[in-house]
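Novice: Enclosed is the structure file query_12.txt (compact mmCIF, C-alpha atoms).
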```
# COMPACT_ATOMS: atom_id res chain seq x y z
CA MET A 29 40.07 19.44 87.87
CA LEU A 30 42.15 17.05 85.81
CA MET A 31 43.90 18.94 83.04
CA ASN A 32 43.36 17.26 79.70
CA PHE A 33 46.61 18.18 78.01
CA GLN A 34 49.55 16.07 76.90
CA LEU A 35 52.53 16.87 79.06
CA PRO A 36 56.26 16.35 78.41
CA ASP A 37 58.16 13.68 80.29
CA SER A 38 58.97 14.59 83.91
CA LEU A 39 58.22 18.30 83.64
CA GLN A 40 57.07 18.11 87.26
CA ILE A 41 53.76 19.90 86.72
CA GLN A 42 52.19 19.21 90.07
CA ALA A 43 48.91 19.46 91.92
CA LYS A 44 50.30 20.32 95.34
CA LYS A 45 48.48 20.90 98.59
CA ARG A 46 51.26 22.71 100.42
CA GLN A 47 50.63 26.40 101.04
CA GLU A 48 53.91 27.59 99.52
CA PHE A 49 52.67 26.35 96.15
CA SER A 50 49.32 28.11 96.40
CA ARG A 51 50.38 30.66 93.79
CA ASP A 52 51.00 28.01 91.12
CA PHE A 53 48.58 28.33 88.23
CA ALA A 54 48.06 27.69 84.54
CA LEU A 55 46.37 29.68 81.82
CA GLY A 56 44.17 28.44 79.01
CA PHE A 57 44.20 30.88 76.08
CA LEU A 58 40.98 30.60 74.08
CA GLY A 59 42.47 33.16 71.69
CA PRO A 60 44.73 36.21 71.84
CA ASP A 61 44.10 38.21 75.05
CA LYS A 62 41.29 35.86 76.07
CA PHE A 63 42.23 33.35 78.76
CA VAL A 64 40.92 31.50 81.76
CA LYS A 65 42.98 30.82 84.87
CA LEU A 66 43.26 27.18 85.83
CA ARG A 67 44.21 25.73 89.18
CA GLU A 68 44.82 22.09 90.00
CA CYS A 69 42.15 20.86 92.40
CA SER A 70 43.42 18.94 95.45
CA LYS A 71 40.56 16.45 95.03
CA ALA A 72 42.19 15.23 91.82
CA ASN A 73 45.66 15.13 93.29
CA GLY A 74 47.23 11.89 92.11
CA GLY A 75 50.81 13.07 92.50
CA THR A 76 53.27 14.48 90.01
CA VAL A 77 52.22 14.31 86.38
CA LEU A 78 55.01 12.56 84.49
CA LEU A 79 53.62 12.09 81.01
CA GLY A 80 50.43 12.34 79.04
CA HIS A 81 48.96 11.32 75.70
CA HIS A 82 45.63 11.75 74.00
CA CYS A 83 43.83 9.93 71.22
CA ASP A 84 41.75 12.16 68.95
CA LYS A 85 40.02 9.14 67.43
CA LEU A 86 38.57 8.03 70.78
CA ASN A 87 38.43 11.53 72.32
CA LEU A 88 40.25 10.13 75.36
CA GLY A 89 43.37 11.23 77.19
CA VAL A 90 45.59 9.44 79.67
CA VAL A 91 48.12 10.80 82.16
CA LEU A 92 50.72 8.97 84.22
CA THR A 93 51.29 10.33 87.72
CA ARG A 94 53.59 9.37 90.56
CA GLU A 95 53.12 9.71 94.30
CA GLY A 96 55.79 7.99 96.37
CA SER A 97 56.01 4.38 95.24
CA THR A 98 52.69 4.48 93.34
CA LEU A 99 52.32 5.12 89.63
CA SER A 100 48.80 5.82 88.39
CA PHE A 101 47.33 5.79 84.90
CA ILE A 102 44.27 8.03 84.73
CA VAL A 103 42.06 7.85 81.62
CA HIS A 104 39.85 10.89 81.13
CA SER A 105 37.43 12.35 78.61
CA MET A 106 38.90 15.03 76.35
CA LYS A 107 35.48 16.72 76.22
CA THR A 108 34.75 17.01 79.93
CA ALA A 109 38.16 16.30 81.54
CA HIS A 110 36.36 13.90 83.91
CA SER A 111 38.29 10.84 85.08
CA LEU A 112 36.87 7.62 83.65
CA ARG A 113 39.15 4.98 85.19
CA GLN A 114 42.40 4.66 87.09
CA LEU A 115 45.08 1.99 87.38
CA ARG A 116 47.63 2.01 90.21
CA LEU A 117 51.00 0.26 89.95
CA GLN A 118 53.55 -0.18 92.73
CA ILE A 119 57.25 0.46 92.06
CA GLU A 120 60.40 0.61 94.14
CA SER A 121 60.49 3.94 95.93
CA ASN A 122 63.78 5.78 95.52
CA TYR A 123 64.92 9.04 94.01
CA THR A 124 66.67 7.44 91.04
CA ASN A 125 63.62 5.49 89.89
CA TYR A 126 62.04 8.11 87.69
CA HIS A 127 62.40 7.01 84.07
CA SER A 128 59.01 5.86 82.86
CA ILE A 129 57.60 6.04 79.38
CA PHE A 130 54.44 4.99 77.58
CA ARG A 131 52.98 5.36 74.12
CA VAL A 132 49.47 5.00 72.72
CA SER A 133 49.08 3.50 69.24
CA SER A 134 47.64 5.80 66.58
CA ASP A 135 44.42 3.77 66.37
CA GLY A 136 43.88 4.06 70.14
CA SER A 137 43.88 0.30 70.69
CA THR A 138 47.10 -0.26 72.63
CA LEU A 139 49.14 1.33 75.39
CA LEU A 140 52.77 0.25 75.81
CA PHE A 141 54.47 1.04 79.13
CA PHE A 142 57.96 0.67 80.60
CA HIS A 143 59.46 1.69 83.95
CA GLU A 144 63.14 1.43 84.76
CA SER A 145 62.60 -0.54 87.98
CA LYS A 146 61.37 -3.50 85.90
CA THR A 147 62.64 -5.23 82.78
CA ASP A 148 59.41 -5.92 80.94
CA PHE A 149 57.34 -3.80 78.58
CA GLU A 150 53.65 -3.99 79.50
CA ILE A 151 51.09 -4.15 76.68
CA ARG A 152 47.69 -2.84 77.80
CA ASN A 153 44.35 -1.96 76.27
CA PHE A 154 44.26 1.84 76.13
CA ASN A 155 40.59 2.20 76.96
CA SER A 156 40.29 -0.37 79.77
CA LEU A 157 43.99 -0.38 80.89
CA LYS A 158 43.80 -4.19 81.17
CA LYS A 159 47.10 -5.99 80.59
CA ARG A 160 47.24 -8.01 77.38
CA GLY A 161 50.87 -9.16 77.37
CA SER A 162 54.51 -8.21 77.82
CA PHE A 163 58.00 -8.69 76.41
CA ASP A 164 61.39 -8.53 78.08
CA LEU A 165 64.13 -5.93 77.63
CA VAL A 166 66.86 -8.30 78.84
CA THR A 167 66.01 -10.79 76.10
CA ILE A 168 66.21 -8.08 73.44
CA CYS A 169 69.52 -6.71 74.76
CA ARG A 170 70.98 -10.20 74.82
CA LYS A 171 69.93 -10.82 71.22
CA PHE A 172 71.76 -7.69 70.03
CA ASN A 173 74.81 -7.99 72.33
CA LEU A 174 73.81 -4.95 74.39
CA LEU A 175 73.78 -6.44 77.90
CA GLU A 176 76.90 -4.48 78.89
CA TYR A 177 74.86 -1.29 78.32
CA PHE A 178 71.73 -2.58 80.05
CA ASN A 179 71.80 -0.16 83.00
CA GLN A 180 72.17 2.81 80.66
CA ILE A 181 69.50 1.50 78.30
CA ARG A 182 66.77 0.99 80.89
CA VAL A 183 67.05 4.62 82.06
CA SER A 184 66.94 6.02 78.53
CA VAL A 185 64.89 3.59 76.43
CA ASP A 186 62.33 5.07 74.07
CA PHE A 187 59.90 3.45 71.64
CA GLU A 188 57.17 4.08 69.06
CA PHE A 189 54.50 2.02 67.31
CA ILE A 190 54.90 1.33 63.58
CA LEU A 191 51.31 0.21 63.46
CA HIS A 192 50.88 -0.66 59.78
CA LEU A 193 53.81 -3.12 60.07
CA GLY A 194 52.58 -4.54 63.38
CA LYS A 195 55.94 -3.65 64.94
CA ILE A 196 57.50 -1.47 67.61
CA VAL A 197 60.74 0.44 67.15
CA LEU A 198 62.95 0.54 70.26
CA MET A 199 65.74 3.03 70.92
CA LEU A 200 68.50 1.08 72.68
CA TRP A 201 71.52 3.28 73.38
CA ASN A 202 72.94 3.81 69.87
CA LYS A 203 70.72 1.32 68.00
CA LEU A 204 67.19 1.38 66.64
CA VAL A 205 65.59 -2.07 66.70
CA LEU A 206 62.33 -3.22 65.10
CA VAL A 207 60.46 -5.70 67.30
CA ASN A 208 57.45 -7.89 66.65
CA LYS A 209 55.97 -8.06 70.15
CA ASN A 210 54.58 -11.54 69.46
CA SER A 211 57.90 -12.97 68.26
CA LEU A 212 61.14 -11.50 69.58
CA ASN A 213 63.08 -13.88 67.34
CA GLN A 214 62.03 -11.71 64.40
CA ALA A 215 63.56 -8.56 65.92
CA GLU A 216 65.99 -6.77 63.60
CA VAL A 217 68.31 -3.76 63.66
CA LEU A 218 66.82 -0.79 61.84
CA TYR A 219 69.84 1.51 62.32
CA ASP A 220 73.17 1.34 64.15
CA CYS A 221 74.85 4.64 65.03
CA SER A 222 78.06 2.83 66.02
CA GLU A 223 78.76 2.45 62.31
CA LEU A 224 79.02 6.22 61.86
CA PRO A 225 82.50 7.83 61.70
CA ILE A 226 81.58 10.09 64.66
CA LYS A 227 80.49 8.98 68.12
CA GLU A 228 76.74 9.35 68.39
CA ARG A 229 74.12 8.55 71.01
CA LEU A 230 70.36 8.67 70.55
CA PHE A 231 68.09 10.71 72.83
CA GLY A 232 64.56 10.13 71.62
CA LEU A 233 62.07 9.14 68.93
CA ARG A 234 58.91 10.39 67.33
CA TYR A 235 56.76 8.65 64.72
CA ASN A 236 54.14 10.21 62.44
CA SER A 237 51.60 7.61 61.33
CA GLU A 238 50.08 9.78 58.57
CA GLN A 239 53.42 10.31 56.81
CA LYS A 240 54.80 6.90 57.92
CA ALA A 241 57.94 8.73 59.02
CA LEU A 242 60.20 8.12 62.02
CA PHE A 243 62.40 10.85 63.51
CA ALA A 244 65.32 10.17 65.86
CA VAL A 245 67.39 12.76 67.74
CA GLY A 246 71.07 12.26 68.51
CA MET A 247 73.71 14.37 70.24
CA THR A 248 74.71 16.23 67.07
CA SER A 249 72.59 14.54 64.40
CA PHE A 250 69.06 13.87 63.28
CA PHE A 251 67.85 10.71 61.56
CA LEU A 252 64.84 10.35 59.28
CA PHE A 253 63.27 7.05 58.22
CA GLY A 254 60.36 6.38 55.90
CA PHE A 255 58.25 3.23 55.68
CA ASP A 256 56.02 1.63 53.06
CA GLY A 257 53.83 -1.45 53.22
CA ALA A 258 56.81 -3.80 53.17
CA GLY A 259 59.13 -2.03 55.62
CA LEU A 260 61.85 0.62 55.50
CA SER A 261 61.75 2.65 52.29
CA TYR A 262 64.46 5.25 53.00
CA SER A 263 66.80 6.54 55.70
CA ARG A 264 68.61 9.82 56.05
CA HIS A 265 71.33 11.15 58.36
CA ILE A 266 71.50 14.92 58.92
CA ALA A 267 74.66 16.00 60.72
CA CYS A 268 74.58 19.27 62.69
CA ASN A 269 78.16 19.32 63.97
CA GLN A 270 78.39 23.09 63.52
CA PHE A 271 76.03 23.60 66.48
CA GLY A 272 77.91 21.30 68.88
CA ARG A 273 76.09 19.57 71.72
CA ALA A 274 74.37 22.77 72.87
CA MET A 275 71.56 22.00 70.43
CA ARG A 276 67.97 21.09 71.27
CA LEU A 277 64.90 20.27 69.26
CA LEU A 278 62.09 22.82 68.92
CA GLY A 279 59.90 20.89 66.51
CA TRP A 280 59.63 18.54 63.55
CA ASP A 281 57.29 18.93 60.61
CA PRO A 282 57.19 15.64 58.66
CA LYS A 283 54.57 16.86 56.17
CA ASP A 284 56.50 19.95 55.05
CA ASN A 285 59.85 18.27 55.71
CA PHE A 286 61.70 20.62 58.05
CA ILE A 287 63.22 20.59 61.53
CA LEU A 288 63.39 23.45 64.05
CA ILE A 289 66.29 23.63 66.49
CA ALA A 290 67.71 25.99 69.11
CA GLU A 291 71.44 26.59 69.54
CA ARG A 292 72.54 27.65 73.02
CA ILE A 293 74.78 30.72 73.11
CA MET A 294 76.13 33.03 75.81
CA GLY A 295 73.98 34.29 78.66
CA ASN A 296 71.42 31.46 78.65
CA ARG A 297 70.11 32.57 75.28
CA GLU A 298 69.48 30.72 72.03
CA ASN A 299 69.54 31.20 68.28
CA TYR A 300 66.72 29.52 66.35
CA HIS A 301 67.42 27.64 63.14
CA LEU A 302 65.33 25.83 60.53
CA ILE A 303 66.70 22.83 58.65
CA ASP A 304 64.96 22.41 55.29
CA CYS A 305 65.11 18.69 54.49
CA ARG A 306 63.20 18.82 51.21
CA ALA A 307 66.35 19.39 49.15
CA PRO A 308 68.81 16.51 48.54
CA ASP A 309 71.28 18.37 50.76
CA PRO A 310 69.77 20.04 53.85
CA ILE A 311 69.50 23.83 53.87
CA PHE A 312 70.24 25.62 57.17
CA ILE A 313 68.34 28.84 57.88
CA SER A 314 68.96 31.11 60.89
CA PHE A 315 65.79 33.07 61.58
CA LEU A 316 65.73 34.37 65.20
CA LYS A 317 68.72 35.34 67.32
CA SER A 318 69.48 35.71 71.03
CA GLN A 319 66.15 34.50 72.37
CA PRO A 320 65.88 33.93 76.15
CA LEU A 321 65.62 30.32 77.27
CA LYS A 322 62.04 30.64 78.51
CA GLY A 323 59.82 28.28 76.57
CA THR A 324 58.75 27.31 73.05
CA TYR A 325 56.11 25.21 71.34
CA TYR A 326 55.68 24.19 67.70
CA ASP A 327 52.09 23.78 66.53
CA SER A 328 52.45 21.42 63.56
CA LYS A 329 48.78 21.68 62.56
CA LYS A 330 49.03 25.39 61.79
CA GLN A 331 52.83 25.46 61.36
CA ARG A 332 53.43 28.11 64.02
CA LEU A 333 56.32 28.39 66.46
CA PHE A 334 55.35 30.00 69.77
CA TYR A 335 58.06 31.53 71.94
CA ILE A 336 58.41 33.82 74.97
CA GLU A 337 59.87 37.29 74.60
CA VAL A 338 60.98 39.36 77.61
CA GLY A 339 60.96 43.17 77.44
CA VAL A 340 63.46 45.56 79.03
CA ASP A 341 60.96 46.08 81.86
CA GLN A 342 60.78 42.25 82.31
CA SER A 343 57.25 42.14 80.93
CA LYS A 344 56.57 38.95 78.98
CA GLU A 345 54.58 38.16 75.87
CA ILE A 346 53.94 35.18 73.66
CA ARG A 347 54.99 35.73 70.07
CA LEU A 348 54.83 33.42 67.09
CA VAL A 349 56.49 32.76 63.75
CA ASP A 350 54.18 31.58 60.96
CA LEU A 351 56.17 29.03 58.95
CA LYS A 352 53.50 28.14 56.44
CA ASP A 353 54.86 28.48 52.87
CA PHE A 354 58.14 29.88 54.22
CA ARG A 355 60.03 28.82 51.07
CA VAL A 356 57.82 31.00 48.88
CA LYS A 357 57.48 33.81 51.41
CA TYR A 358 61.25 34.31 51.68
CA ALA A 359 62.13 33.30 48.10
CA LEU A 360 64.40 30.42 49.12
CA ASP A 361 66.00 28.12 46.57
CA ASP A 362 68.10 24.95 46.67
CA GLN A 363 71.27 26.58 45.36
CA GLN A 364 72.24 28.33 48.60
CA LYS A 365 72.80 25.97 51.54
CA GLU A 366 72.98 28.53 54.37
CA TRP A 367 70.71 31.51 54.94
CA ASP A 368 70.72 34.21 57.61
CA LEU A 369 67.26 35.76 57.60
CA GLU A 370 64.95 37.59 59.95
CA PHE A 371 61.57 35.89 59.78
CA ASP A 372 58.47 37.96 60.43
CA THR A 373 57.02 37.54 63.93
CA GLU A 374 53.72 38.58 65.41
CA LEU A 375 52.31 39.11 68.86
CA TYR A 376 50.00 36.35 70.05
CA THR A 377 49.25 37.80 73.46
CA ALA A 378 50.75 39.81 76.28
CA LEU A 379 51.07 37.89 79.55
CA PRO A 380 49.82 39.12 82.92
CA PRO A 381 52.50 39.89 85.55
CA ILE A 382 54.24 36.65 86.58
CA HIS A 383 56.40 36.22 89.69
CA ASP A 384 60.12 35.87 89.00
CA MET A 385 60.22 32.54 90.89
CA TYR A 386 59.01 30.99 87.64
CA THR A 387 61.93 30.40 85.30
CA TYR A 388 60.44 28.41 82.41
CA PHE A 389 57.07 28.29 80.66
CA PHE A 390 55.46 25.19 79.20
CA MET A 391 53.07 25.64 76.27
CA LYS A 392 50.86 23.17 74.44
CA MET A 393 48.07 23.59 71.89
CA ALA A 394 45.11 21.28 72.55
CA ARG A 395 41.59 21.40 71.13
CA GLY A 396 42.17 24.87 69.66
CA SER A 397 43.38 26.45 72.91
CA LEU A 398 46.91 27.26 74.04
CA PHE A 399 47.71 25.82 77.46
CA PHE A 400 50.35 27.87 79.34
CA LYS A 401 52.02 26.73 82.56
CA PRO A 402 54.73 28.64 84.49
CA LEU A 403 57.36 26.29 85.95
CA ARG A 404 59.81 26.85 88.75
CA GLY A 405 62.56 25.13 86.82
CA ILE A 406 63.39 22.48 84.26
CA ASP A 407 66.49 20.30 84.13
CA GLU A 408 68.69 19.87 81.09
CA LYS A 409 67.54 16.30 80.38
CA ASN A 410 63.90 17.31 80.14
CA LEU A 411 64.76 20.42 78.18
CA LYS A 412 66.74 18.37 75.67
CA ASP A 413 63.86 16.11 74.68
CA ALA A 414 60.76 18.13 75.65
CA ALA A 415 59.78 18.71 72.01
CA LEU A 416 59.75 14.94 71.45
CA ARG A 417 57.20 14.48 74.23
CA LEU A 418 54.64 16.99 72.94
```
What would you get if you wrote out this structure as C-alpha cells?

Specialist:
Amino acid sequence: MLMNFQLPDSLQIQAKKRQEFSRDFALGFLGPDKFVKLRECSKANGGTVLLGHHCDKLNLGVVLTREGSTLSFIVHSMKTAHSLRQLRLQIESNYTNYHSIFRVSSDGSTLLFFHESKTDFEIRNFNSLKKRGSFDLVTICRKFNLLEYFNQIRVSVDFEFILHLGKIVLMLWNKLVLVNKNSLNQAEVLYDCSELPIKERLFGLRYNSEQKALFAVGMTSFFLFGFDGAGLSYSRHIACNQFGRAMRLLGWDPKDNFILIAERIMGNRENYHLIDCRAPDPIFISFLKSQPLKGTYYDSKKQRLFYIEVGVDQSKEIRLVDLKDFRVKYALDDQQKEWDLEFDTELYTALPPIHDMYTYFFMKMARGSLFFKPLRGIDEKNLKDAALRL
C-alpha cells in the first residue's frame, strides 16, 4: 500500500523487507481513540521516501523515493492511494548525495525538481511527469556573485512558486532571489541577509498562495514577505536572538499571523512559544514548558498544535492546544510584549504501547485523519526544518 501523505524531507520513513524492521508500523487516526494500523507493503517498495506533496485541486499526490542510485517519482490518487505513474531518474550513488527537493505549484500544473548531484532545475508537468524545461543553478550563482558558495548552496537550496507573478523564489545561502524561469536575465534579489547587522543564514522557505505570503526561516530570525499583483508589497524581519540557535519551527499561520516555535532546554526538552505578528512589534508568548522532544504537528486548517506527552510510567498520548481565537480567549493586548501563560490543552488520544526503540513520532493531518508514524531516530537537520516540509 502506498501511503498518500505528504512527508517531510529525508525523514527516512521506509518500506523495508528485512525482518528486523517487521515491527515498524504507522497508525491512521480516524478520530480520537479510533485508528487503523498501517503497514508498508513490500510490493510497493520503491525505496526510502524522501519527500511528498499533494494537490487538493487535482486530488493527486506525489512522493519521491530513493533506492541506491535510483530516484523515483510516484504519482498516486489521493482517494484510492493507487499508483498512477512512475518516473525513474539515475543519480550518482554515494552517501553524501542526499539533498533533493521538489515543489508542486498551487494550481497543480508544474513540478520543479532539484538534486544536488546536478546543477539544473527540472521543470515537469505534475500530472504526466514529462519534462518541459530547465534552468541552471551555476548561471544564477554567477549572476549574483555566489559561485564561491556554490557547494554549500547546492546542498541547501530551497525554492517556492510565486505563481501569480509567474516567478520562482530561490533560497541561495543568505539571499532570496526571484527568478523568471523563462528569462534568467530578469532575476532579481528579493532579500539579502548579509546586509543585516548580525550574521544570518537561511534554512528554508514556505509560501502560502491564498495569503500571497512568503515565510523564510533563519538561524535566529524569521522573515515575512507579502506580494500583490505587481510584486513585493511588504517585508518584515523578526529577530529571536533571546532563544539562541536552539530554536526550531513548529508551525506558521499566515492567515491569523502567528508563528509557533520550540526552544531547546536541558534534558532534551523544549519550551513552546507563540510569536504574535499582528501587532507592529511582535508579541512573544510562552505557553507550554519542558515538553519532551518527541514530535509535534501544527494543523493550520483547524489551528491546532498536536504534541506527544509522556507519563511517569512512560505511557504516551497525543494532546493538542486549540489556538483558534487565542487573543480573545486569553485577553491579550498589544501593550505587553512578553507573556508567560499556560494555555489550555486537551487529550486527543492515548497511544497503544510502543517499543522504546522508537525515539521520535511523525504526525500529519491529511483528508481529515491524523497519520502517526513512530521513527527510530531523526537527525538535527531534518528536525530543524521538518515543519517547513509539512

Novice: Can you work out the spacing between atom CA of Glu238 of chain A and atom CA of Asn155 of chain A in Å, to one decimal?

Specialist: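 Calculated distance between atom CA of Glu238 of chain A and atom CA of Asn155 of chain A is 22.0 Å.
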
Novice: For atom CA of Asp384 of chain A and atom CA of Leu398 of chain A, determine how far apart the two atoms are, in Å to one decimal place.

Specialist: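 About the pair atom CA of Asp384 of chain A and atom CA of Leu398 of chain A: they are 21.7 Å apart.
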
Novice: Excluding Val90 of chain A and any residue of its chain fewer than 5 positions from it, enumerate the residues within 12 Å of it, using all atoms listed in the file, and give them as a PyMOL selection string.

Specialist: chain A and resi 30-35+77-84+100-106+109-115+130-132+136+139+153-157

Novice: So how many Å separate atom CA of Pro380 of chain A and atom CA of Phe63 of chain A, to one decimal?

Specialist: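 According to the coordinates, atom CA of Pro380 of chain A and atom CA of Phe63 of chain A are separated by 10.4 Å.
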
Novice: Up to 8 Å from (65.6, 19.7, 64.4) in the file's coordinates: name the residues, counting all atoms listed in the file, as JSON, numbers by chain.

Specialist: {"A": [245, 250, 276, 277, 278, 279, 280, 286, 287, 288, 289, 302, 303]}

Novice: Which of these residues is nearest to Phe141 of chain A, using all atoms listed in the file: A:Cys305, A:Ile226, A:Leu92, A:Val183?

Specialist: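 Smallest distance to Phe141 of chain A is found for A:Leu92.
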
Novice: Which neighbours of Asp350 of chain A fall inside 8 Å, counting all atoms listed in the file, when residues of the same chain fewer than 5 positions from it are skipped, and could you give them as an mmCIF file with C-alpha atoms, in the coordinates of the input?

Specialist:
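The file below, result.cif, is the result:
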```cif
data_model
loop_
_atom_site.group_PDB
_atom_site.id
_atom_site.type_symbol
_atom_site.label_atom_id
_atom_site.label_comp_id
_atom_site.auth_asym_id
_atom_site.auth_seq_id
_atom_site.Cartn_x
_atom_site.Cartn_y
_atom_site.Cartn_z
ATOM 1 C CA GLN A 331 52.830 25.460 61.360
ATOM 2 C CA ARG A 332 53.430 28.110 64.020
ATOM 3 C CA LEU A 333 56.320 28.390 66.460
ATOM 4 C CA ASP A 372 58.470 37.960 60.430
ATOM 5 C CA THR A 373 57.020 37.540 63.930
#
```

Novice: Counting all atoms listed in the file, what is within 12 Å of Asn179 of chain A, bar same-chain residues fewer than 5 positions away, as a JSON list (two decimals) with C-alpha atoms, keeping the file's coordinate frame?

Specialist:
```json
[["chain", "number", "residue", "atom", "x", "y", "z"],
["A", 127, "HIS", "CA", 62.40, 7.01, 84.07],
["A", 144, "GLU", "CA", 63.14, 1.43, 84.76],
["A", 145, "SER", "CA", 62.60, -0.54, 87.98],
["A", 146, "LYS", "CA", 61.37, -3.50, 85.90],
["A", 147, "THR", "CA", 62.64, -5.23, 82.78],
["A", 165, "LEU", "CA", 64.13, -5.93, 77.63],
["A", 166, "VAL", "CA", 66.86, -8.30, 78.84],
["A", 169, "CYS", "CA", 69.52, -6.71, 74.76],
["A", 174, "LEU", "CA", 73.81, -4.95, 74.39],
["A", 184, "SER", "CA", 66.94, 6.02, 78.53],
["A", 185, "VAL", "CA", 64.89, 3.59, 76.43],
["A", 200, "LEU", "CA", 68.50, 1.08, 72.68],
["A", 201, "TRP", "CA", 71.52, 3.28, 73.38]]
```

Novice: Restricting the calculation to only C-alpha atoms, which member of A:Lys365, A:Arg229, A:Lys330, A:Lys322 is positioned closest to Tyr388 of chain A?

Specialist: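 Ranked by minimum distance to Tyr388 of chain A, first place goes to A:Lys322.
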
Novice: Using the partial input, fill out segment 180-196 of chain A with N, CA and C atoms; write the result as a tab-separated table (two decimals), in the coordinates of the input.

Specialist:
```tsv
chain	number	residue	atom	x	y	z
A	180	GLN	N	72.37	1.53	81.36
A	180	GLN	CA	72.17	2.81	80.66
A	180	GLN	C	70.91	2.77	79.80
A	181	ILE	N	70.65	1.62	79.20
A	181	ILE	CA	69.50	1.50	78.30
A	181	ILE	C	68.19	1.64	79.06
A	182	ARG	N	68.07	1.00	80.20
A	182	ARG	CA	66.77	0.99	80.89
A	182	ARG	C	66.41	2.36	81.46
A	183	VAL	N	67.37	3.28	81.59
A	183	VAL	CA	67.05	4.62	82.06
A	183	VAL	C	66.95	5.61	80.91
A	184	SER	N	67.02	5.12	79.68
A	184	SER	CA	66.94	6.02	78.53
A	184	SER	C	66.12	5.45	77.38
A	185	VAL	N	65.60	4.24	77.53
A	185	VAL	CA	64.89	3.59	76.43
A	185	VAL	C	63.70	4.43	75.96
A	186	ASP	N	63.48	4.41	74.66
A	186	ASP	CA	62.33	5.07	74.07
A	186	ASP	C	61.76	4.14	73.00
A	187	PHE	N	60.52	4.34	72.62
A	187	PHE	CA	59.90	3.45	71.64
A	187	PHE	C	58.73	4.13	70.97
A	188	GLU	N	58.33	3.59	69.82
A	188	GLU	CA	57.17	4.08	69.06
A	188	GLU	C	56.52	2.90	68.34
A	189	PHE	N	55.22	3.01	68.11
A	189	PHE	CA	54.50	2.02	67.31
A	189	PHE	C	54.69	2.31	65.82
A	190	ILE	N	55.01	1.28	65.03
A	190	ILE	CA	54.90	1.33	63.58
A	190	ILE	C	53.70	0.44	63.24
A	191	LEU	N	52.53	1.01	63.38
A	191	LEU	CA	51.31	0.21	63.46
A	191	LEU	C	51.03	-0.58	62.19
A	192	HIS	N	51.25	0.02	61.01
A	192	HIS	CA	50.88	-0.66	59.78
A	192	HIS	C	51.77	-1.87	59.50
A	193	LEU	N	52.93	-1.95	60.18
A	193	LEU	CA	53.81	-3.12	60.07
A	193	LEU	C	53.59	-4.10	61.22
A	194	GLY	N	52.78	-3.70	62.20
A	194	GLY	CA	52.58	-4.54	63.38
A	194	GLY	C	53.84	-4.67	64.22
A	195	LYS	N	54.66	-3.60	64.23
A	195	LYS	CA	55.94	-3.65	64.94
A	195	LYS	C	56.12	-2.44	65.84
A	196	ILE	N	57.11	-2.56	66.70
A	196	ILE	CA	57.50	-1.47	67.61
A	196	ILE	C	58.97	-1.19	67.37
```
